[in-house]
>>> print(open('entry27.json').read())   # JSON, C-alpha atoms
[["chain", "number", "residue", "atom", "x", "y", "z"],
["Z", 21, "MET", "CA", 160.64, 124.91, 91.53],
["Z", 22, "PRO", "CA", 160.19, 121.25, 90.53],
["Z", 23, "GLU", "CA", 156.94, 120.03, 89.00],
["Z", 24, "TRP", "CA", 155.99, 118.19, 92.20],
["Z", 25, "MET", "CA", 157.48, 117.57, 95.65],
["Z", 26, "PHE", "CA", 156.88, 115.17, 98.52],
["Z", 27, "LEU", "CA", 156.44, 117.98, 101.05],
["Z", 28, "THR", "CA", 153.87, 120.75, 100.81],
["Z", 29, "LYS", "CA", 154.69, 124.35, 101.66],
["Z", 30, "TYR", "CA", 153.16, 123.66, 105.09],
["Z", 31, "GLY", "CA", 155.61, 120.82, 105.71],
["Z", 32, "MET", "CA", 158.54, 122.88, 104.50],
["Z", 33, "VAL", "CA", 157.66, 125.91, 106.65],
["Z", 34, "PHE", "CA", 157.09, 123.65, 109.66],
["Z", 35, "SER", "CA", 160.42, 121.87, 109.21],
["Z", 36, "LEU", "CA", 162.30, 125.17, 108.81],
["Z", 37, "ILE", "CA", 160.71, 126.52, 112.00],
["Z", 38, "ALA", "CA", 161.68, 123.31, 113.84],
["Z", 39, "LYS", "CA", 165.31, 123.58, 112.72],
["Z", 40, "HIS", "CA", 165.69, 127.37, 113.01],
["Z", 41, "ARG", "CA", 163.61, 128.80, 115.85],
["Z", 42, "CYS", "CA", 164.39, 132.45, 115.01],
["Z", 43, "ILE", "CA", 164.09, 132.27, 111.22],
["Z", 44, "THR", "CA", 162.21, 135.10, 109.51],
["Z", 45, "ALA", "CA", 159.33, 134.76, 107.09],
["Z", 46, "ARG", "CA", 161.51, 136.32, 104.39],
["Z", 47, "GLU", "CA", 164.27, 133.75, 104.97],
["Z", 48, "MET", "CA", 161.72, 130.92, 104.78],
["Z", 49, "ALA", "CA", 160.21, 132.33, 101.59],
["Z", 50, "THR", "CA", 163.63, 132.51, 99.96],
["Z", 51, "ALA", "CA", 164.57, 128.98, 101.06],
["Z", 52, "ILE", "CA", 161.29, 127.44, 99.88],
["Z", 53, "GLY", "CA", 160.69, 129.51, 96.77],
["Z", 54, "ILE", "CA", 157.32, 131.00, 97.71],
["Z", 55, "THR", "CA", 156.26, 134.51, 98.67],
["Z", 56, "GLU", "CA", 156.64, 135.96, 102.14],
["Z", 57, "ARG", "CA", 152.88, 136.46, 102.23],
["Z", 58, "GLN", "CA", 152.32, 132.72, 101.62],
["Z", 59, "VAL", "CA", 154.76, 131.90, 104.43],
["Z", 60, "ARG", "CA", 152.90, 134.21, 106.83],
["Z", 61, "ARG", "CA", 149.61, 132.56, 105.88],
["Z", 62, "VAL", "CA", 151.06, 129.09, 106.58],
["Z", 63, "ILE", "CA", 152.46, 130.30, 109.93],
["Z", 64, "ALA", "CA", 149.02, 131.65, 110.88],
["Z", 65, "VAL", "CA", 147.39, 128.29, 110.08],
["Z", 66, "LEU", "CA", 150.04, 126.30, 111.99],
["Z", 67, "PHE", "CA", 149.68, 128.68, 114.95],
["Z", 68, "SER", "CA", 145.87, 128.52, 115.03],
["Z", 69, "ALA", "CA", 146.00, 124.70, 114.83],
["Z", 70, "GLY", "CA", 148.41, 124.57, 117.79],
["Z", 71, "TYR", "CA", 151.38, 123.12, 115.90],
["Z", 72, "ILE", "CA", 153.56, 126.14, 116.69],
["Z", 73, "ASN", "CA", 153.75, 128.85, 119.33],
["Z", 74, "LYS", "CA", 155.43, 132.17, 118.78],
["Z", 75, "ARG", "CA", 156.62, 134.99, 120.95],
["Z", 76, "ARG", "CA", 158.36, 138.27, 120.35],
["Z", 77, "ALA", "CA", 162.12, 138.24, 120.82],
["Z", 78, "GLY", "CA", 163.41, 141.76, 120.36],
["Z", 79, "ARG", "CA", 162.44, 142.85, 116.87],
["Z", 80, "GLY", "CA", 161.86, 139.28, 115.69],
["Z", 81, "VAL", "CA", 159.82, 136.24, 116.55],
["Z", 82, "LYS", "CA", 160.97, 133.06, 118.28],
["Z", 83, "TYR", "CA", 159.03, 129.94, 117.36],
["Z", 84, "GLN", "CA", 158.42, 126.78, 119.32],
["Z", 85, "ILE", "CA", 156.85, 123.65, 117.87],
["Z", 86, "ASN", "CA", 154.50, 121.21, 119.57],
["Z", 87, "PRO", "CA", 156.05, 117.83, 118.62],
["Z", 88, "ASP", "CA", 153.34, 115.79, 120.33],
["Z", 89, "LEU", "CA", 150.46, 116.64, 117.99],
["Z", 90, "SER", "CA", 149.62, 114.09, 115.33],
["Z", 91, "LEU", "CA", 149.79, 114.46, 111.58],
["Z", 92, "ARG", "CA", 146.50, 115.73, 110.20],
["Z", 93, "HIS", "CA", 145.56, 113.09, 107.60],
["Z", 94, "ASP", "CA", 143.40, 110.19, 108.81],
["Z", 95, "MET", "CA", 145.91, 107.65, 107.45],
["Z", 96, "HIS", "CA", 148.73, 109.04, 109.60],
["Z", 97, "GLN", "CA", 147.09, 110.26, 112.81],
["Z", 98, "GLU", "CA", 149.09, 107.78, 114.90],
["Z", 99, "ILE", "CA", 152.34, 109.56, 113.90],
["Z", 100, "ALA", "CA", 153.44, 112.55, 115.98],
["Z", 101, "VAL", "CA", 154.79, 115.52, 114.05],
["Z", 102, "GLY", "CA", 157.95, 115.30, 116.17],
["Z", 103, "ASP", "CA", 158.63, 111.82, 114.76],
["Z", 104, "PHE", "CA", 158.01, 113.14, 111.25],
["Z", 105, "LEU", "CA", 160.41, 116.05, 111.83],
["Z", 106, "GLU", "CA", 163.08, 113.69, 113.16],
["Z", 107, "ALA", "CA", 162.91, 111.82, 109.86],
["Z", 108, "LEU", "CA", 163.71, 115.17, 108.19],
["Z", 109, "GLY", "CA", 166.76, 115.71, 110.41],
["Z", 110, "TRP", "CA", 165.26, 117.66, 113.32],
["Z", 111, "LYS", "CA", 166.87, 117.05, 116.70],
["Z", 112, "ARG", "CA", 164.81, 117.14, 119.88],
["Z", 113, "ARG", "CA", 166.16, 119.45, 122.53],
["Z", 114, "ALA", "CA", 168.21, 117.73, 125.26],
["Z", 115, "ARG", "CA", 165.89, 118.83, 128.07],
["Z", 116, "ARG", "CA", 163.01, 116.99, 126.43],
["Z", 117, "ARG", "CA", 165.00, 113.76, 126.15],
["Z", 118, "ILE", "CA", 165.83, 113.79, 129.86],
["Z", 119, "VAL", "CA", 162.16, 114.16, 130.80],
["Z", 120, "GLU", "CA", 161.19, 111.31, 128.45],
["Z", 121, "GLN", "CA", 163.86, 109.02, 129.95],
["Z", 122, "GLU", "CA", 162.59, 109.75, 133.47],
["Z", 123, "VAL", "CA", 159.03, 108.90, 132.43],
["Z", 124, "LYS", "CA", 160.13, 105.57, 130.93],
["Z", 125, "ALA", "CA", 162.10, 104.59, 134.06]]
>>> encode(input="entry27.json", output="structure tokens")
Amino acid sequence: MPEWMFLTKYGMVFSLIAKHRCITAREMATAIGITERQVRRVIAVLFSAGYINKRRAGRGVKYQINPDLSLRHDMHQEIAVGDFLEALGWKRRARRRIVEQEVKA
């Protein structure tokens, strides 16, 4: 792992969940380079803060993010996490775009 990175493990876990809704904690740990236990701790924090929801899907878990919440730091509270994720390559689901276009009209 590099000496320092722009994204914390929280940001990396969050972005992986946004891109891959059915990803496992083990897969995230491998991709990020941290332990599965650390990933599960991050998921618990994101869930308790309302940034993600999760539900059982067979033997796994299916995640859903809340893109409307703001970033947590005081300097960036006007930025929604969905906008931040889009900068990282996340694509909003088509159904969401249709609703937003109807609201603007």
>>> closest_residue(input="entry27.json", among="Z:Val101, Z:Leu66, Z:Ile72, Z:Leu89", to="Arg41 in chain Z", atoms="all atoms listed in the file")
Z:Ile72
>>> residues_around(input="entry27.json", residues="Asp88 in chain Z", least_positions_apart="3", cutoff="10 Å", atoms="all atoms listed in the file", output="list of chain:residue names")
Z:Tyr71, Z:Ile85, Z:Leu91, Z:Ile99, Z:Ala100, Z:Val101, Z:Gly102, Z:Asp103
>>> closest_atom_pairs(input="entry27.json", of="range 45-71 of chain Z", to="range 32-39 of chain Z", cutoff="8 Å", atoms="only C-alpha atoms", output="Markdown table")
| residue | atom | partner | partner_atom | distance |
| --- | --- | --- | --- | --- |
| Z:Met48 | CA | Z:Val33 | CA | 6.7 |
| Z:Ile52 | CA | Z:Met32 | CA | 7.0 |
| Z:Val59 | CA | Z:Val33 | CA | 7.0 |
| Z:Val62 | CA | Z:Val33 | CA | 7.3 |
| Z:Ile63 | CA | Z:Val33 | CA | 7.6 |
| Z:Leu66 | CA | Z:Phe34 | CA | 7.9 |
>>> write_last_selection(input="entry27.json", atoms="C-alpha atoms", output="mmCIF file, keeping the file's coordinate frame")
data_model
loop_
_atom_site.group_PDB
_atom_site.id
_atom_site.type_symbol
_atom_site.label_atom_id
_atom_site.label_comp_id
_atom_site.auth_asym_id
_atom_site.auth_seq_id
_atom_site.Cartn_x
_atom_site.Cartn_y
_atom_site.Cartn_z
ATOM 1 C CA MET Z 48 161.720 130.920 104.780
ATOM 2 C CA ILE Z 52 161.290 127.440 99.880
ATOM 3 C CA VAL Z 59 154.760 131.900 104.430
ATOM 4 C CA VAL Z 62 151.060 129.090 106.580
ATOM 5 C CA ILE Z 63 152.460 130.300 109.930
ATOM 6 C CA LEU Z 66 150.040 126.300 111.990
#
>>> atom_distance(input="entry27.json", atom1="CA of Arg112 in chain Z", atom2="CA of Pro87 in chain Z")
8.9 Å
>>> closest_residue(input="entry27.json", among="Z:Ala51, Z:Leu108, Z:Ala69, Z:Leu27", to="Ser90 in chain Z", atoms="all atoms listed in the file")
Z:Ala69
>>> axis_aligned_box(input="entry27.json", around="range 25-31 of chain Z", padding_each_side="5 Å", output="AutoDock Vina command-line options")
--center_x 155.3 --center_y 119.8 --center_z 100.7 --size_x 14.3 --size_y 19.2 --size_z 20.1
>>> closest_residue(input="entry27.json", among="Z:Asn73, Z:Leu105, Z:Glu23, Z:Gly31", to="Asn86 in chain Z", atoms="all atoms listed in the file")
Z:Asn73
>>> atom_distance(input="entry27.json", atom1="CA of Tyr83 in chain Z", atom2="CA of His40 in chain Z")
8.4 Å
>>> residues_around(input="entry27.json", residues="Lys74 in chain Z", least_positions_apart="5", cutoff="8 Å", atoms="all atoms listed in the file", output="VMD selection string")
chain Z and resid 67 81 to 84
>>> atom_distance(input="entry27.json", atom1="CA of Trp24 in chain Z", atom2="CA of Gly109 in chain Z")
21.3 Å
>>> closest_residue(input="entry27.json", among="Z:Lys111, Z:Arg92, Z:Arg76, Z:Lys29", to="Gln58 in chain Z", atoms="all atoms listed in the file")
Z:Lys29
>>> closest_residue(input="entry27.json", among="Z:Glu106, Z:Ile43, Z:Arg60, Z:His96", to="Gly80 in chain Z", atoms="all atoms listed in the file")
Z:Ile43
>>> closest_residue(input="entry27.json", among="Z:Cys42, Z:Trp110, Z:Phe104, Z:Phe26", to="Arg75 in chain Z", atoms="only C-alpha atoms")
Z:Cys42
>>> build_atoms(input="entry27.json", residues="range 95-115 of chain Z", atoms="N, CA and C atoms", output="PDB file, keeping the file's coordinate frame")
ATOM      1  N   MET Z  95     145.018 108.805 107.615  1.00  0.00           N
ATOM      2  CA  MET Z  95     145.910 107.650 107.450  1.00  0.00           C
ATOM      3  C   MET Z  95     147.117 107.699 108.375  1.00  0.00           C
ATOM      4  N   HIS Z  96     147.485 108.899 108.841  1.00  0.00           N
ATOM      5  CA  HIS Z  96     148.730 109.040 109.600  1.00  0.00           C
ATOM      6  C   HIS Z  96     148.530 109.689 110.965  1.00  0.00           C
ATOM      7  N   GLN Z  97     147.345 109.611 111.524  1.00  0.00           N
ATOM      8  CA  GLN Z  97     147.090 110.260 112.810  1.00  0.00           C
ATOM      9  C   GLN Z  97     147.833 109.625 113.975  1.00  0.00           C
ATOM     10  N   GLU Z  98     148.343 108.414 113.808  1.00  0.00           N
ATOM     11  CA  GLU Z  98     149.090 107.780 114.900  1.00  0.00           C
ATOM     12  C   GLU Z  98     150.541 108.263 114.938  1.00  0.00           C
ATOM     13  N   ILE Z  99     150.959 109.063 113.968  1.00  0.00           N
ATOM     14  CA  ILE Z  99     152.340 109.560 113.900  1.00  0.00           C
ATOM     15  C   ILE Z  99     152.388 110.981 114.451  1.00  0.00           C
ATOM     16  N   ALA Z 100     153.250 111.207 115.421  1.00  0.00           N
ATOM     17  CA  ALA Z 100     153.440 112.550 115.980  1.00  0.00           C
ATOM     18  C   ALA Z 100     154.292 113.373 115.027  1.00  0.00           C
ATOM     19  N   VAL Z 101     154.016 114.662 114.954  1.00  0.00           N
ATOM     20  CA  VAL Z 101     154.790 115.520 114.050  1.00  0.00           C
ATOM     21  C   VAL Z 101     156.256 115.555 114.453  1.00  0.00           C
ATOM     22  N   GLY Z 102     156.555 115.363 115.735  1.00  0.00           N
ATOM     23  CA  GLY Z 102     157.950 115.300 116.170  1.00  0.00           C
ATOM     24  C   GLY Z 102     158.685 114.135 115.528  1.00  0.00           C
ATOM     25  N   ASP Z 103     158.025 112.985 115.417  1.00  0.00           N
ATOM     26  CA  ASP Z 103     158.630 111.820 114.760  1.00  0.00           C
ATOM     27  C   ASP Z 103     158.857 112.098 113.277  1.00  0.00           C
ATOM     28  N   PHE Z 104     157.884 112.763 112.658  1.00  0.00           N
ATOM     29  CA  PHE Z 104     158.010 113.140 111.250  1.00  0.00           C
ATOM     30  C   PHE Z 104     159.188 114.096 111.054  1.00  0.00           C
ATOM     31  N   LEU Z 105     159.309 115.082 111.927  1.00  0.00           N
ATOM     32  CA  LEU Z 105     160.410 116.050 111.830  1.00  0.00           C
ATOM     33  C   LEU Z 105     161.760 115.384 112.054  1.00  0.00           C
ATOM     34  N   GLU Z 106     161.819 114.409 112.940  1.00  0.00           N
ATOM     35  CA  GLU Z 106     163.080 113.690 113.160  1.00  0.00           C
ATOM     36  C   GLU Z 106     163.523 112.972 111.904  1.00  0.00           C
ATOM     37  N   ALA Z 107     162.566 112.465 111.133  1.00  0.00           N
ATOM     38  CA  ALA Z 107     162.910 111.820 109.860  1.00  0.00           C
ATOM     39  C   ALA Z 107     163.503 112.827 108.877  1.00  0.00           C
ATOM     40  N   LEU Z 108     163.184 114.106 109.060  1.00  0.00           N
ATOM     41  CA  LEU Z 108     163.710 115.170 108.190  1.00  0.00           C
ATOM     42  C   LEU Z 108     164.997 115.785 108.753  1.00  0.00           C
ATOM     43  N   GLY Z 109     165.508 115.241 109.864  1.00  0.00           N
ATOM     44  CA  GLY Z 109     166.760 115.710 110.410  1.00  0.00           C
ATOM     45  C   GLY Z 109     166.653 116.610 111.623  1.00  0.00           C
ATOM     46  N   TRP Z 110     165.449 116.814 112.139  1.00  0.00           N
ATOM     47  CA  TRP Z 110     165.260 117.660 113.320  1.00  0.00           C
ATOM     48  C   TRP Z 110     165.751 116.920 114.554  1.00  0.00           C
ATOM     49  N   LYS Z 111     166.384 117.635 115.451  1.00  0.00           N
ATOM     50  CA  LYS Z 111     166.870 117.050 116.700  1.00  0.00           C
ATOM     51  C   LYS Z 111     166.052 117.598 117.857  1.00  0.00           C
ATOM     52  N   ARG Z 112     165.527 116.702 118.681  1.00  0.00           N
ATOM     53  CA  ARG Z 112     164.810 117.140 119.880  1.00  0.00           C
ATOM     54  C   ARG Z 112     165.785 117.802 120.832  1.00  0.00           C
ATOM     55  N   ARG Z 113     165.312 118.764 121.565  1.00  0.00           N
ATOM     56  CA  ARG Z 113     166.160 119.450 122.530  1.00  0.00           C
ATOM     57  C   ARG Z 113     166.508 118.509 123.669  1.00  0.00           C
ATOM     58  N   ALA Z 114     167.694 118.642 124.228  1.00  0.00           N
ATOM     59  CA  ALA Z 114     168.210 117.730 125.260  1.00  0.00           C
ATOM     60  C   ALA Z 114     167.302 117.677 126.480  1.00  0.00           C
ATOM     61  N   ARG Z 115     166.755 118.802 126.891  1.00  0.00           N
ATOM     62  CA  ARG Z 115     165.890 118.830 128.070  1.00  0.00           C
ATOM     63  C   ARG Z 115     164.708 117.899 127.885  1.00  0.00           C
TER      64      ARG Z 115
END
